[in-house]
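Chemist: Below is the file work-v9.csv, with CSV, N, CA and C atoms and all ligand atoms.
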chain,number,residue,atom,x,y,z
A,245,MET,N,33.9,-2.8,-14.3
A,245,MET,CA,33.1,-3.6,-13.5
A,245,MET,C,33.7,-5.0,-13.4
A,246,THR,N,33.7,-5.6,-12.3
A,246,THR,CA,34.1,-7.0,-12.2
A,246,THR,C,32.8,-7.8,-12.1
A,247,GLU,N,33.0,-9.1,-12.2
A,247,GLU,CA,31.9,-10.0,-12.2
A,247,GLU,C,31.2,-9.8,-10.8
A,248,PRO,N,29.8,-10.0,-10.8
A,248,PRO,CA,29.1,-9.8,-9.6
A,248,PRO,C,29.5,-10.8,-8.5
A,249,ASP,N,29.7,-10.2,-7.3
A,249,ASP,CA,30.1,-11.1,-6.2
A,249,ASP,C,28.8,-11.4,-5.4
A,250,PRO,N,28.4,-12.6,-5.3
A,250,PRO,CA,27.1,-12.9,-4.6
A,250,PRO,C,27.1,-12.5,-3.1
A,251,GLY,N,28.3,-12.2,-2.6
A,251,GLY,CA,28.3,-11.8,-1.2
A,251,GLY,C,28.2,-10.3,-1.1
A,252,GLN,N,28.2,-9.6,-2.2
A,252,GLN,CA,28.1,-8.1,-2.1
A,252,GLN,C,26.6,-7.7,-2.2
A,253,PRO,N,26.2,-6.8,-1.3
A,253,PRO,CA,24.8,-6.3,-1.5
A,253,PRO,C,24.7,-5.4,-2.6
A,254,GLY,N,23.5,-5.3,-3.1
A,254,GLY,CA,23.3,-4.3,-4.2
A,254,GLY,C,23.4,-4.8,-5.6
A,255,THR,N,23.7,-6.1,-5.7
A,255,THR,CA,23.9,-6.6,-7.1
A,255,THR,C,22.6,-7.2,-7.6
A,256,ASP,N,21.7,-7.5,-6.8
A,256,ASP,CA,20.5,-8.2,-7.3
A,256,ASP,C,19.2,-7.5,-7.0
A,257,HIS,N,19.3,-6.3,-6.6
A,257,HIS,CA,18.0,-5.6,-6.3
A,257,HIS,C,18.2,-4.1,-6.6
A,258,LEU,N,17.0,-3.4,-6.6
A,258,LEU,CA,17.0,-2.0,-6.9
A,258,LEU,C,16.7,-1.3,-5.6
A,259,ASP,N,17.0,0.0,-5.5
A,259,ASP,CA,16.6,0.7,-4.3
A,259,ASP,C,15.1,1.1,-4.3
A,260,GLY,N,14.7,1.6,-3.2
A,260,GLY,CA,13.3,1.8,-3.0
A,260,GLY,C,12.7,2.9,-3.9
A,261,ASN,N,13.6,3.7,-4.5
A,261,ASN,CA,13.1,4.7,-5.5
A,261,ASN,C,12.4,4.2,-6.6
A,262,MET,N,12.7,2.9,-7.0
A,262,MET,CA,11.9,2.4,-8.1
A,262,MET,C,10.5,2.1,-7.8
A,263,LEU,N,10.1,2.1,-6.5
A,263,LEU,CA,8.7,1.9,-6.1
A,263,LEU,C,7.8,3.1,-6.4
A,264,ALA,N,8.4,4.3,-6.7
A,264,ALA,CA,7.6,5.5,-6.9
A,264,ALA,C,6.5,5.3,-8.0
A,265,GLY,N,6.9,4.7,-9.1
A,265,GLY,CA,5.9,4.5,-10.2
A,265,GLY,C,4.8,3.5,-9.8
A,266,PRO,N,5.2,2.2,-9.4
A,266,PRO,CA,4.2,1.3,-9.1
A,266,PRO,C,3.3,1.7,-7.9
A,267,LEU,N,3.9,2.3,-6.9
A,267,LEU,CA,3.1,2.7,-5.7
A,267,LEU,C,2.2,3.9,-6.0
A,268,ALA,N,2.7,4.8,-6.9
A,268,ALA,CA,1.9,6.0,-7.3
A,268,ALA,C,0.6,5.5,-7.9
A,269,GLU,N,0.7,4.4,-8.7
A,269,GLU,CA,-0.5,3.9,-9.3
A,269,GLU,C,-1.4,3.3,-8.2
A,270,VAL,N,-0.8,2.6,-7.3
A,270,VAL,CA,-1.7,1.9,-6.3
A,270,VAL,C,-2.3,3.0,-5.4
A,271,PHE,N,-1.6,3.9,-4.9
A,271,PHE,CA,-2.2,4.9,-4.0
A,271,PHE,C,-3.0,6.0,-4.7
A,272,ALA,N,-3.1,5.9,-6.0
A,272,ALA,CA,-4.0,6.9,-6.7
A,272,ALA,C,-5.4,6.4,-6.8
A,273,VAL,N,-5.6,5.1,-6.4
A,273,VAL,CA,-6.9,4.6,-6.6
A,273,VAL,C,-7.8,4.8,-5.3
A,274,ASP,N,-9.0,4.6,-5.4
A,274,ASP,CA,-9.9,4.7,-4.3
A,274,ASP,C,-9.7,3.5,-3.4
A,275,VAL,N,-9.0,3.7,-2.3
A,275,VAL,CA,-8.7,2.5,-1.4
A,275,VAL,C,-9.9,1.9,-0.8
A,276,THR,N,-11.0,2.6,-0.7
A,276,THR,CA,-12.2,2.0,-0.1
A,276,THR,C,-12.7,0.9,-0.9
A,277,THR,N,-12.3,0.7,-2.2
A,277,THR,CA,-12.7,-0.4,-3.0
A,277,THR,C,-11.9,-1.6,-2.8
A,278,ALA,N,-10.8,-1.4,-2.0
A,278,ALA,CA,-9.9,-2.5,-1.7
A,278,ALA,C,-10.5,-3.5,-0.7
A,279,THR,N,-9.9,-4.7,-0.7
A,279,THR,CA,-10.3,-5.7,0.2
A,279,THR,C,-9.1,-6.0,1.1
A,280,GLY,N,-9.3,-6.1,2.4
A,280,GLY,CA,-8.2,-6.3,3.3
A,280,GLY,C,-8.5,-7.5,4.2
A,281,ARG,N,-7.4,-8.1,4.8
A,281,ARG,CA,-7.5,-9.2,5.7
A,281,ARG,C,-7.0,-8.7,7.1
A,282,CYS,N,-7.8,-8.9,8.1
A,282,CYS,CA,-7.4,-8.6,9.5
A,282,CYS,C,-6.3,-9.5,9.9
A,283,ALA,N,-5.2,-8.9,10.4
A,283,ALA,CA,-4.0,-9.7,10.8
A,283,ALA,C,-4.3,-10.4,12.2
A,284,SER,N,-5.4,-9.9,12.9
A,284,SER,CA,-5.7,-10.5,14.2
A,284,SER,C,-6.6,-11.7,14.1
A,285,CYS,N,-7.7,-11.5,13.3
A,285,CYS,CA,-8.7,-12.6,13.3
A,285,CYS,C,-8.9,-13.3,11.9
A,286,GLY,N,-8.2,-12.7,10.9
A,286,GLY,CA,-8.3,-13.3,9.6
A,286,GLY,C,-9.5,-13.0,8.8
A,287,ARG,N,-10.4,-12.1,9.3
A,287,ARG,CA,-11.5,-11.7,8.5
A,287,ARG,C,-11.1,-11.0,7.3
A,288,THR,N,-11.7,-11.3,6.2
A,288,THR,CA,-11.4,-10.6,4.9
A,288,THR,C,-12.7,-9.8,4.5
A,289,GLY,N,-12.5,-8.5,4.2
A,289,GLY,CA,-13.6,-7.7,3.8
A,289,GLY,C,-13.2,-6.4,3.2
A,290,PRO,N,-14.2,-5.7,2.7
A,290,PRO,CA,-13.8,-4.4,2.1
A,290,PRO,C,-13.4,-3.3,3.1
A,291,VAL,N,-12.5,-2.5,2.6
A,291,VAL,CA,-12.0,-1.4,3.5
A,291,VAL,C,-13.2,-0.5,3.9
A,292,ALA,N,-14.1,-0.4,3.0
A,292,ALA,CA,-15.3,0.5,3.3
A,292,ALA,C,-16.1,-0.1,4.4
A,293,GLY,N,-15.9,-1.4,4.8
A,293,GLY,CA,-16.7,-2.0,5.9
A,293,GLY,C,-16.0,-1.9,7.2
A,294,LEU,N,-14.8,-1.2,7.3
A,294,LEU,CA,-14.1,-1.1,8.5
A,294,LEU,C,-14.8,-0.1,9.4
A,295,ARG,N,-14.6,-0.2,10.7
A,295,ARG,CA,-15.1,0.8,11.7
A,295,ARG,C,-14.1,1.9,11.9
A,296,VAL,N,-14.4,3.1,11.5
A,296,VAL,CA,-13.4,4.2,11.5
A,296,VAL,C,-13.7,5.1,12.6
A,297,TYR,N,-12.7,5.4,13.3
A,297,TYR,CA,-12.7,6.4,14.4
A,297,TYR,C,-11.9,7.6,14.1
A,298,ALA,N,-12.5,8.7,13.9
A,298,ALA,CA,-11.8,9.9,13.4
A,298,ALA,C,-11.6,11.0,14.4
A,299,ARG,N,-12.0,10.6,15.7
A,299,ARG,CA,-11.8,11.7,16.7
A,299,ARG,C,-10.4,11.6,17.3
A,300,ALA,N,-9.6,10.6,17.0
A,300,ALA,CA,-8.3,10.5,17.5
A,300,ALA,C,-7.4,11.6,16.8
A,301,PRO,N,-6.1,11.7,17.2
A,301,PRO,CA,-5.2,12.6,16.5
A,301,PRO,C,-5.1,12.3,15.0
A,302,GLY,N,-5.5,11.1,14.7
A,302,GLY,CA,-5.5,10.7,13.3
A,302,GLY,C,-6.8,9.9,13.0
A,303,VAL,N,-6.7,9.1,12.0
A,303,VAL,CA,-7.9,8.2,11.7
A,303,VAL,C,-7.5,6.8,12.0
A,304,VAL,N,-8.3,6.1,12.7
A,304,VAL,CA,-8.1,4.7,13.1
A,304,VAL,C,-9.2,3.9,12.5
A,305,ALA,N,-8.9,2.8,11.8
A,305,ALA,CA,-9.9,1.9,11.3
A,305,ALA,C,-9.7,0.5,11.9
A,306,ARG,N,-10.8,0.0,12.5
A,306,ARG,CA,-10.8,-1.2,13.2
A,306,ARG,C,-11.6,-2.3,12.5
A,307,CYS,N,-11.2,-3.5,12.7
A,307,CYS,CA,-11.9,-4.7,12.2
A,307,CYS,C,-13.3,-4.8,12.8
A,308,PRO,N,-14.4,-4.9,12.0
A,308,PRO,CA,-15.7,-5.0,12.5
A,308,PRO,C,-16.0,-6.3,13.3
A,309,ALA,N,-15.1,-7.3,13.1
A,309,ALA,CA,-15.3,-8.6,13.8
A,309,ALA,C,-14.6,-8.6,15.1
A,310,CYS,N,-13.4,-8.2,15.2
A,310,CYS,CA,-12.6,-8.4,16.4
A,310,CYS,C,-12.1,-7.0,17.0
A,311,GLU,N,-12.4,-5.9,16.4
A,311,GLU,CA,-12.1,-4.6,16.9
A,311,GLU,C,-10.6,-4.3,16.8
A,312,ALA,N,-9.7,-5.2,16.3
A,312,ALA,CA,-8.3,-4.9,16.2
A,312,ALA,C,-8.1,-3.7,15.2
A,313,VAL,N,-7.0,-3.0,15.5
A,313,VAL,CA,-6.7,-1.8,14.6
A,313,VAL,C,-6.1,-2.4,13.3
A,314,ILE,N,-6.8,-2.0,12.2
A,314,ILE,CA,-6.3,-2.5,10.9
A,314,ILE,C,-5.4,-1.4,10.3
A,315,LEU,N,-5.8,-0.2,10.4
A,315,LEU,CA,-5.1,0.9,9.7
A,315,LEU,C,-5.1,2.2,10.6
A,316,ARG,N,-4.0,2.9,10.6
A,316,ARG,CA,-3.9,4.2,11.2
A,316,ARG,C,-3.3,5.1,10.3
A,317,LEU,N,-3.9,6.3,10.2
A,317,LEU,CA,-3.4,7.4,9.3
A,317,LEU,C,-3.3,8.7,10.1
A,318,VAL,N,-2.2,9.2,10.1
A,318,VAL,CA,-2.0,10.5,10.8
A,318,VAL,C,-1.4,11.5,9.8
A,319,ARG,N,-2.0,12.6,9.7
A,319,ARG,CA,-1.6,13.7,8.7
A,319,ARG,C,-1.0,14.8,9.6
A,320,THR,N,0.3,15.1,9.3
A,320,THR,CA,0.9,16.3,9.9
A,320,THR,C,1.0,17.3,8.8
A,321,PRO,N,1.4,18.5,9.1
A,321,PRO,CA,1.5,19.6,8.1
A,321,PRO,C,2.4,19.2,6.9
A,322,THR,N,3.4,18.3,7.1
A,322,THR,CA,4.3,18.0,6.0
A,322,THR,C,4.4,16.5,5.7
A,323,SER,N,3.6,15.7,6.4
A,323,SER,CA,3.7,14.2,6.1
A,323,SER,C,2.4,13.5,6.3
A,324,ALA,N,2.3,12.3,5.8
A,324,ALA,CA,1.2,11.4,6.1
A,324,ALA,C,1.8,10.1,6.6
A,325,TRP,N,1.4,9.7,7.7
A,325,TRP,CA,1.9,8.5,8.3
A,325,TRP,C,0.9,7.4,8.2
A,326,LEU,N,1.2,6.3,7.5
A,326,LEU,CA,0.2,5.3,7.3
A,326,LEU,C,0.7,4.0,7.9
A,327,ASP,N,0.0,3.5,8.9
A,327,ASP,CA,0.4,2.2,9.6
A,327,ASP,C,-0.7,1.2,9.2
A,328,LEU,N,-0.2,0.2,8.5
A,328,LEU,CA,-1.1,-0.9,8.0
A,328,LEU,C,-0.7,-2.2,8.6
A,329,ARG,N,-0.1,-2.2,9.8
A,329,ARG,CA,0.4,-3.4,10.3
A,329,ARG,C,-0.7,-4.4,10.8
A,330,GLY,N,-1.9,-3.8,10.9
A,330,GLY,CA,-3.0,-4.7,11.3
A,330,GLY,C,-3.7,-5.4,10.2
A,331,ALA,N,-3.2,-5.2,9.0
A,331,ALA,CA,-3.7,-5.9,7.8
A,331,ALA,C,-2.7,-6.9,7.3
A,332,THR,N,-3.1,-8.1,7.0
A,332,THR,CA,-2.2,-9.1,6.4
A,332,THR,C,-1.9,-8.7,5.0
A,333,PHE,N,-3.0,-8.2,4.3
A,333,PHE,CA,-2.8,-7.7,3.0
A,333,PHE,C,-3.9,-6.7,2.6
A,334,LEU,N,-3.7,-6.0,1.6
A,334,LEU,CA,-4.7,-5.1,1.0
A,334,LEU,C,-4.7,-5.4,-0.5
A,335,ARG,N,-5.9,-5.9,-1.0
A,335,ARG,CA,-6.0,-6.2,-2.4
A,335,ARG,C,-6.8,-5.1,-3.1
A,336,VAL,N,-6.1,-4.4,-4.0
A,336,VAL,CA,-6.7,-3.3,-4.6
A,336,VAL,C,-7.1,-3.7,-6.0
A,337,PRO,N,-8.4,-3.5,-6.4
A,337,PRO,CA,-8.8,-3.8,-7.8
A,337,PRO,C,-8.1,-2.8,-8.7
A,338,MET,N,-7.6,-3.4,-9.8
A,338,MET,CA,-6.9,-2.5,-10.7
A,338,MET,C,-7.5,-2.8,-12.1
A,339,PRO,N,-7.4,-1.8,-13.0
A,339,PRO,CA,-7.8,-2.0,-14.4
A,339,PRO,C,-6.8,-3.0,-15.0
A,340,ALA,N,-7.2,-3.6,-16.1
A,340,ALA,CA,-6.3,-4.5,-16.8
A,340,ALA,C,-5.1,-3.7,-17.2
A,341,GLU,N,-4.0,-4.5,-17.3
A,341,GLU,CA,-2.7,-3.9,-17.7
A,341,GLU,C,-2.9,-3.0,-18.9
A,342,PRO,N,-2.3,-1.8,-18.8
A,342,PRO,CA,-2.4,-0.9,-20.0
A,342,PRO,C,-1.8,-1.5,-21.2
A,343,LEU,N,-2.4,-1.1,-22.4
A,343,LEU,CA,-1.8,-1.6,-23.6
A,343,LEU,C,-0.4,-1.2,-23.8
A,344,MET,N,0.4,-2.0,-24.4
A,344,MET,CA,1.8,-1.7,-24.6
A,344,MET,C,1.9,-0.6,-25.6
A,345,MET,N,2.6,0.4,-25.2
A,345,MET,CA,2.9,1.6,-26.1
A,345,MET,C,4.2,1.4,-26.8
A,346,PRO,N,4.3,1.8,-28.0
A,346,PRO,CA,5.6,1.7,-28.7
A,346,PRO,C,6.7,2.6,-28.0
A,347,GLY,N,7.9,2.1,-28.0
A,347,GLY,CA,9.0,2.9,-27.5
A,347,GLY,C,9.1,2.8,-26.0
A,348,PRO,N,10.0,3.5,-25.4
A,348,PRO,CA,10.2,3.4,-24.0
A,348,PRO,C,9.1,4.1,-23.2
A,349,THR,N,9.1,3.9,-21.9
A,349,THR,CA,8.0,4.5,-21.1
A,349,THR,C,8.0,6.0,-21.3
A,350,SER,N,6.8,6.5,-21.5
A,350,SER,CA,6.7,8.0,-21.7
A,350,SER,C,7.2,8.7,-20.5
A,351,PRO,N,7.8,9.9,-20.6
A,351,PRO,CA,8.3,10.6,-19.5
A,351,PRO,C,7.2,11.2,-18.6
A,352,ALA,N,7.4,11.3,-17.4
A,352,ALA,CA,6.4,11.8,-16.5
A,352,ALA,C,6.1,13.3,-16.8
A,353,MET,N,4.9,13.6,-16.7
A,353,MET,CA,4.5,15.0,-17.0
A,353,MET,C,4.3,15.8,-15.7
A,401,ZN,ZN,-10.4,-8.9,13.0
Is it possible to express this structure as C-alpha cells?

Modeler:
Amino acid sequence: MTEPDPGQPGTDHLDGNMLAGPLAEVFAVDVTTATGRCASCGRTGPVAGLRVYARAPGVVARCPACEAVILRLVRTPTSAWLDLRGATFLRVPMPAEPLMMPGPTSPAM
C-alpha cells in the first residue's frame, strides 16, 4: 500500500454493504411509531397519521395537511420498492444503545 491519495476515491468511505447492519435494525422496527416531515409543506407528524391509499398498484401515503405523497411502497414477487422522497426525514424511536458486550461483535445467526 502506498500512502492514501486524497484524489483517489474509496480511501475515505465504505461501500453500501456496511449499511446492512444499521439499516436492518432500523427497518425491523414498527415504522408507524416513527415521526416524519412532509417535504412539501413541512408538517411533522407520526407515520400512523398519514392518509394511506392502498387501492393503487402499491401503497401510497399522503400528508394529511397538503395531500403530497410522502411514501410509496410497491411489492413485487421478488422486491419491495420504497420511495420516501416526499419525506424530509423519518425519525424512528429506538431503544437506548445496547450495552457493550465483551469482545468483537457477535456473529450473525
Ligand atoms: Zn404536507

Chemist: Quick one: everything within 7 Å of region 299-313 of chain A, counting only N, CA and C atoms, minus sequence neighbours fewer than 3 positions away in the same chain. Send it as a ChimeraX atom specification.

Modeler: /A:282,284-285,293-296,316-319,329-331

Chemist: Pick out the residues sitting within 6.5 Å of Arg335 (chain A), and hand them over as a ChimeraX atom specification; count all atoms listed in the file, and ignore anything fewer than 5 positions along from it in its own chain.

Modeler: /A:277-281

Chemist: CA of Leu328 (chain A) and atom C of Leu315 (chain A) are how many Å apart?

Modeler: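 These atoms are spaced 5.7 Å apart.
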
Chemist: Could you state the separation of CA of Thr288 (chain A) and CA of Val336 (chain A) in Å, given to one decimal place?

Modeler: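 For CA of Thr288 (chain A) relative to CA of Val336 (chain A), the distance reads 12.9 Å.
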
Chemist: Which is closer to ligand ZN 401 (chain A) than all the others in A:Val275, A:Ala292, A:Ile314, A:Leu263, using only N, CA and C atoms and all ligand atoms?

Modeler: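 The shortest atom-to-atom distance to ligand ZN 401 (chain A) comes from A:Ile314.
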
Chemist: Counting all atoms listed in the file, which residue out of A:Gly260, A:Leu334, A:Gly265, A:Gly286 sits closest to ligand ZN 401 (chain A)?

Modeler: A:Gly286

Chemist: Which residue, A:Ala298, A:Arg287, A:Glu341, A:Thr320, has the smallest gap to ligand ZN 401 (chain A) when you use only N, CA and C atoms and all ligand atoms?

Modeler: A:Arg287

Chemist: Work out how far apart atom ZN of ligand ZN 401 (chain A) and CA of Ala283 (chain A) are and give it in Å to one decimal.

Modeler: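 CA of Ala283 (chain A) lies 6.8 Å from atom ZN of ligand ZN 401 (chain A).
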
Chemist: If you run DSSP on this backbone, which residues of region 248-351 of chain A come out as helix (DSSP H, G or I), and could you give them as a PyMOL selection string?

Modeler: chain A and resi 260-271+275-277+291-293

Chemist: From the set A:Thr332, A:Ala324, A:Pro337, A:Tyr297, which residue has the shortest atom-to-atom contact distance to ligand ZN 401 (chain A), counting only C-alpha atoms and all ligand atoms?

Modeler: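 For ligand ZN 401 (chain A), the nearest of the given residues is A:Thr332.
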